[in-house]
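**Student:** After the structure tokens below, expect a handful of questions from me.
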Amino acid sequence: MSVFYKACHKVRELCGRSNTSQNVTAAVCALISTVCAGVYLSPTGGKSGIAGGKYLIWLVFFILLFLFFRQIFFSRSPSGCLHRASRREYKYAAVLSLIFSFCMSLGKIAHGDFAYSVAETELPPAALLVFQALLYFAGFFALFFTLISLLYRVLPEGGLSSVGGAGAREKTPRLFLTEGNKSFALTFGIIFLSYFVYYVIYFPGAASADSINQISQTIGAIPLSGGHPILHTAVIGACIRLAGLFSDDLIFGVAVYSFLQMTALAAVYAYVVRFLAELRLPRWLLLTVFFYYAFFPVNAIYSITMWKDIPFNAALLMIVVSLFDMARDSGRYFKSWRKLLLLALSIFVFCTMRNVGFLLAVFVPLILIANKRHWRKAAAVCVLPLLLVAIYNYAVFDVMEVPESPISETISLPIQQIARAAAEHGEEFSAEEFRTVNEILPAYRLSELYNPRLADPVKYQFDNAAFSENPQRYIGLWFKLSIKYPDSYIKAFISNGYGYWYPDVTHLNTYHVIEQNDLGIRQMTFLPDKVGRAVGHIAEYLLPETPAVSMLYSIGFMAWLCVLSASVVMLRRRGRRYLLPFVLLLCVWMSLLAAPVFAEFRYAYGIVICTPLCVSVALSAGEKKTAC
């Protein structure tokens with residue numbers, strides 16, 4: 001009972017420190033946030049749980065939130081490591097809270113109401129949707145605004161350390177987690193051995209249907225196709241031919257590819273850790289980043305998975321770390337030919353592994369502007385790889401006459417929007433509109449084929465030849481239907497990509513098997529099958545369902561951390577060059593909104609593995625000041 005009386009006395013003391021208006025404001029914020037949390041967490045949309053008012057837990061939650069709002073946000077006598085938030089910090093917190101609250105409210109409704117089959121879903125009344133959205137928005141805004149403001153107050157104004165040598169730690173590890181070559185070799189070795197365990201468990205690696213298709217192209221079973229990056233297919237073919245010197249079994253060709261990719265990824269992650277060590281960050285942060293790259297199961301499984309997305313996203317990570325290195329000390333960076341060569345190679349891989357290479361063509365002028373003093377070297381290291389990409393495309397598609405990927409691969413979002421408009425309003429179409437849609441899509445079956453979260457069922461029925469003959473006709477159709485049915489277009493857009501900005505959703509994370517095939521490729525693990533099944537279960541089911549740890553599997557949450565990191569960099573006024581990597585990640589993220597899957601982890605893997613780097617750089621940004 002003494003504990004209870006002490007708690008009551010503490011509450012009375014906290015409430016009496018300021019005027020009534022602040023207590024009322026804290027109580028209102030706590031009430032709104034409690035109701036929001038109850039309705040949000042209720043599987044029936046508020047029809048049970050807090051709506052019935054039966055659970056004591058919500059009263060406790062309300063009291064804790066009240067104390068939180070009252071003590072942290074409204075406290076005018078900060079102590080310890082909390083500094084008083086500035087108006088600028090409050091403005092940043094308000095803007096981010098608006099964005100995050102909007103994502104949470106819209107994402108919750110999208111995930112629960114109109115992101116499923118149109119034929120099976122009956123939407124609630126519009127008034128109820130609006131009320132839920134406003135409730136979610138108000139509750140989450142109060143929480144996010146307070147939490148982000150608290151984050152800005154907790155972080156030392158000068159960052160955890162200064163960028164460069166002035167803020168170096170007095171005591172640093174002599175061998176591990178330093179910028180030395182021995183530390184790099186040790187970091188690489190540990191990461192490699194961690195991945196090698198998975199290599200043994202899932203030997204010779206993982207291969208999906210796309211991977212089997214590429215292998216078939218390399219052995220001449222099917223003709224080459226631009227549907228997969230030709231360079232990636234060529235690398236697979238080289239691995240198969242190298243293994244063919246010793247054995248005709250394709251299994252060993254897959255094994256050689258998995259081994260090389262595993263080695264390359266371990267080297268990339270070790271390079272990132274060494275760069276962060278150069279920033280003189282606290283050892284606990286370096287260890288956190290190292291453990292994430294070395295022991296997060298997704299990284300290990302992806303290292304032995306034959307997907308073009310893996311080298312693409314590894315190249316993205318190398319470009320981002322190069323831009324941060326460039327921003328930290330451009331003079332030193334442009335004197336290192338090794339770093340320049342790595343950046344040029346990363347740009348080339350980035351542009352050839354996915355059809356978003358044009359992003360760098362637009363992004364290069366920003367790099368040149370940010371590095372005026374070294375514009376010649378910057379132009380050489382950025383423009384030359386783009387020229388090589390142009391020559392590569394000409395050699396592949398014009399000289400070798402390899403057919404390009406179908407147009408439907410790049411316009412899956414417009415196809416989805418037309419399909420949703422037809423599924424919801426097909427009976428309202430004019431005869432001309434219906435006939436035009438039917439020329440490129442099976443108009444009569446769109447209500448059955450359309451999947452709001454997956455474009456493949458509709459995309460595979462798209463007539464690419466008809467579209468190519470008269471693209472202006474179908475582009476005009478898309479514009480015409482967008483004016484008549486904007487609600488369908490907006491819902492199709494949200495449903496098609498909400499997993500990339502809504503954190504409370506995950507999708508397919510890993511793929512650790514070999515697709516059934518006629519090529520004789522199979523897994524031949526050296527350990528009992530139970531081990532492989534157990535590891536796969538942990539990586540795909542247990543960890544994604546574990547509180548807190550599950551956020552590592554959330555694309556939306558990782559994107560939020562990047563946004564928060566960018567805000568910290570801007571608050572610390574580190575300069576425009578530090579924002580370039582965030583701009584590049586933003587461009588890549590925006591391209592994901594038009595992806596054929598609403599939350600494909602491998603598509604956004606580059607953003608996920610760049611997040612620890614961005615957070616660490618943000619925490620190191622700022623001039624050296626006395627921190628508590």
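Following the order of the structure tokens, chains are lettered A, B, ..., residues in each are numbered from 1, and ligands are numbered from 1.
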Hey, what's within 9 Å of A:Leu368 if we count only C-alpha atoms and toss same-chain stuff fewer than 5 positions away? As a PDB file with all heavy atoms, in the first residue's frame, please?

**Tutor:**
```pdb
ATOM      1  N   HIS A 374      35.242  20.320 -56.856  1.00  0.00           N
ATOM      2  CA  HIS A 374      35.762  19.071 -57.447  1.00  0.00           C
ATOM      3  C   HIS A 374      34.842  18.609 -58.573  1.00  0.00           C
ATOM      4  O   HIS A 374      34.673  17.403 -58.774  1.00  0.00           O
ATOM      5  CB  HIS A 374      35.863  17.984 -56.368  1.00  0.00           C
ATOM      6  CG  HIS A 374      36.566  18.421 -55.121  1.00  0.00           C
ATOM      7  ND1 HIS A 374      37.939  18.456 -55.008  1.00  0.00           N
ATOM      8  CD2 HIS A 374      36.075  18.842 -53.927  1.00  0.00           C
ATOM      9  CE1 HIS A 374      38.274  18.876 -53.795  1.00  0.00           C
ATOM     10  NE2 HIS A 374      37.166  19.116 -53.118  1.00  0.00           N
ATOM     11  N   TRP A 375      34.292  19.541 -59.291  1.00  0.00           N
ATOM     12  CA  TRP A 375      33.259  19.184 -60.269  1.00  0.00           C
ATOM     13  C   TRP A 375      33.818  18.312 -61.391  1.00  0.00           C
ATOM     14  O   TRP A 375      33.081  17.488 -61.948  1.00  0.00           O
ATOM     15  CB  TRP A 375      32.599  20.436 -60.830  1.00  0.00           C
ATOM     16  CG  TRP A 375      33.475  21.274 -61.722  1.00  0.00           C
ATOM     17  CD1 TRP A 375      34.276  22.301 -61.367  1.00  0.00           C
ATOM     18  CD2 TRP A 375      33.611  21.128 -63.139  1.00  0.00           C
ATOM     19  NE1 TRP A 375      34.924  22.828 -62.452  1.00  0.00           N
ATOM     20  CE2 TRP A 375      34.534  22.122 -63.561  1.00  0.00           C
ATOM     21  CE3 TRP A 375      33.063  20.269 -64.088  1.00  0.00           C
ATOM     22  CZ2 TRP A 375      34.896  22.269 -64.898  1.00  0.00           C
ATOM     23  CZ3 TRP A 375      33.431  20.419 -65.420  1.00  0.00           C
ATOM     24  CH2 TRP A 375      34.337  21.403 -65.806  1.00  0.00           C
ATOM     25  N   ARG A 376      35.082  18.470 -61.736  1.00  0.00           N
ATOM     26  CA  ARG A 376      35.642  17.653 -62.823  1.00  0.00           C
ATOM     27  C   ARG A 376      35.674  16.179 -62.423  1.00  0.00           C
ATOM     28  O   ARG A 376      35.231  15.305 -63.183  1.00  0.00           O
ATOM     29  CB  ARG A 376      37.045  18.145 -63.186  1.00  0.00           C
ATOM     30  CG  ARG A 376      37.075  19.502 -63.879  1.00  0.00           C
ATOM     31  CD  ARG A 376      38.492  19.870 -64.279  1.00  0.00           C
ATOM     32  NE  ARG A 376      38.558  21.144 -64.980  1.00  0.00           N
ATOM     33  CZ  ARG A 376      38.636  22.317 -64.374  1.00  0.00           C
ATOM     34  NH1 ARG A 376      38.697  22.377 -63.037  1.00  0.00           N
ATOM     35  NH2 ARG A 376      38.671  23.442 -65.063  1.00  0.00           N
ATOM     36  N   ALA A 378      33.993  14.834 -59.973  1.00  0.00           N
ATOM     37  CA  ALA A 378      32.617  14.409 -59.717  1.00  0.00           C
ATOM     38  C   ALA A 378      31.910  14.076 -61.017  1.00  0.00           C
ATOM     39  O   ALA A 378      31.177  13.078 -61.107  1.00  0.00           O
ATOM     40  CB  ALA A 378      31.861  15.504 -58.962  1.00  0.00           C
ATOM     41  N   ALA A 379      32.132  14.892 -62.050  1.00  0.00           N
ATOM     42  CA  ALA A 379      31.505  14.625 -63.349  1.00  0.00           C
ATOM     43  C   ALA A 379      32.046  13.335 -63.951  1.00  0.00           C
ATOM     44  O   ALA A 379      31.292  12.527 -64.507  1.00  0.00           O
ATOM     45  CB  ALA A 379      31.754  15.802 -64.293  1.00  0.00           C
ATOM     46  N   CYS A 382      30.661  10.225 -62.128  1.00  0.00           N
ATOM     47  CA  CYS A 382      29.212  10.037 -62.256  1.00  0.00           C
ATOM     48  C   CYS A 382      28.762   9.885 -63.705  1.00  0.00           C
ATOM     49  O   CYS A 382      27.891   9.058 -64.005  1.00  0.00           O
ATOM     50  CB  CYS A 382      28.473  11.211 -61.611  1.00  0.00           C
ATOM     51  SG  CYS A 382      28.692  11.338 -59.826  1.00  0.00           S
TER      52      CYS A 382
END
```

**Student:** Quick one: distance from atom CA of A:Ala370 to atom CA of A:Gly575 in Å, one decimal?

**Tutor:**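 Value for the atom CA of A:Ala370-atom CA of A:Gly575 distance: 9.6 Å.
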
**Student:** Could you tell me which of A:Leu147, A:Ile521, A:Ala466, A:Leu527 comes closest to A:Gly205 if we count only C-alpha atoms?

**Tutor:**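 Under the stated criterion, the closest residue is A:Ile521.
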
**Student:** Looking only at strand (DSSP E or B) from DSSP on the backbone, list the matching residues of stretch 220-453 of chain A as a compact mmCIF listing (two decimals) with N, CA, C and O atoms, in the first residue's frame.

**Tutor:**
```txt
# COMPACT_ATOMS: atom_id res chain seq x y z
N GLY A 226 14.85 -9.26 -71.90
CA GLY A 226 15.11 -8.07 -71.09
C GLY A 226 14.25 -8.00 -69.86
O GLY A 226 14.36 -7.05 -69.08
N THR A 305 20.53 -15.57 -51.95
CA THR A 305 19.33 -15.62 -52.78
C THR A 305 19.62 -15.02 -54.15
O THR A 305 20.15 -13.91 -54.24
N GLU A 404 13.21 -6.26 -75.21
CA GLU A 404 13.09 -5.53 -73.96
C GLU A 404 11.93 -6.09 -73.13
O GLU A 404 11.07 -6.81 -73.63
N ASN A 451 -6.70 -7.48 -58.00
CA ASN A 451 -6.24 -7.63 -56.62
C ASN A 451 -5.61 -6.31 -56.21
O ASN A 451 -4.57 -5.94 -56.76
```

**Student:** Select, from A:Phe252, A:Tyr257, A:Phe275, A:Phe601, the residue with the minimum atom-to-atom distance to A:Gly497, counting only C-alpha atoms.

**Tutor:**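 Once distances to A:Gly497 are computed over only C-alpha atoms, the minimum belongs to A:Phe601.
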
**Student:** What is the distance, in Å and to one decimal place, between atom CA of A:Ser225 and atom CA of A:Pro403?

**Tutor:**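 Interatomic distance here is 5.5 Å.
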
**Student:** Would you please give, as a ChimeraX atom specification, all residues of stretch 150-368 of chain A that DSSP assigns to alpha helix (DSSP H) based on the backbone?

**Tutor:** /A:150-154,181-201,209-218,230-244,250-278,283-295,297-303,309-328,330-333,337-353,358-368

**Student:** Hey, what's within 9 Å of A:Trp478 if we count only C-alpha atoms and toss same-chain stuff fewer than 4 positions away? As a PyMOL selection string, please?

**Tutor:** chain A and resi 414-415+417-418+473-474+482-483

**Student:** Give me the residues within 12 Å of A:Val362 as an MDAnalysis selection string, counting only C-alpha atoms and dropping any in the same chain fewer than 3 places off.

**Tutor:** chainID A and resid 356:359 365:368 382:383 386 583:584 587

**Student:** Can you write just those residues out, C-alpha atoms, as an mmCIF file, in the first residue's frame?

**Tutor:**
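Result file is result.cif:
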```cif
data_model
loop_
_atom_site.group_PDB
_atom_site.id
_atom_site.type_symbol
_atom_site.label_atom_id
_atom_site.label_comp_id
_atom_site.auth_asym_id
_atom_site.auth_seq_id
_atom_site.Cartn_x
_atom_site.Cartn_y
_atom_site.Cartn_z
ATOM 1 C CA VAL A 356 15.198 3.066 -62.258
ATOM 2 C CA GLY A 357 18.694 3.994 -63.366
ATOM 3 C CA PHE A 358 17.295 7.192 -64.851
ATOM 4 C CA LEU A 359 17.020 8.469 -61.268
ATOM 5 C CA PRO A 365 23.565 17.517 -61.449
ATOM 6 C CA LEU A 366 22.827 17.797 -57.716
ATOM 7 C CA ILE A 367 26.109 16.018 -56.964
ATOM 8 C CA LEU A 368 27.984 18.387 -59.267
ATOM 9 C CA CYS A 382 29.212 10.037 -62.256
ATOM 10 C CA VAL A 383 28.878 10.683 -65.983
ATOM 11 C CA LEU A 386 26.099 6.548 -67.192
ATOM 12 C CA VAL A 583 17.076 12.810 -51.610
ATOM 13 C CA LEU A 584 18.302 9.739 -53.490
ATOM 14 C CA CYS A 587 13.508 9.053 -55.191
#
```

**Student:** For a test of reading the model, state the distance in Å between atom CA of A:Ser412 and atom CA of A:Pro471, rounded to one decimal.

**Tutor:** 14.8 Å

**Student:** Of the candidates A:Leu265, A:Cys562, A:Val35, A:Ala344, which shows the shortest atom-to-atom distance to A:Leu586, using only C-alpha atoms?

**Tutor:** A:Cys562

**Student:** Name the closest residue to A:Ala395 among the candidates A:Ser194, A:Leu231, A:Ala314, A:Leu571; distances are taken between atoms, counting only C-alpha atoms.

**Tutor:**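 Of all the options, A:Leu231 lies closest to A:Ala395.
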
**Student:** So, counting only C-alpha atoms, which residue among A:Ala206, A:Val254, A:Leu564, A:Leu129 is closest to A:Ser97?

**Tutor:**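 The answer is A:Leu564, which sits nearest to A:Ser97.
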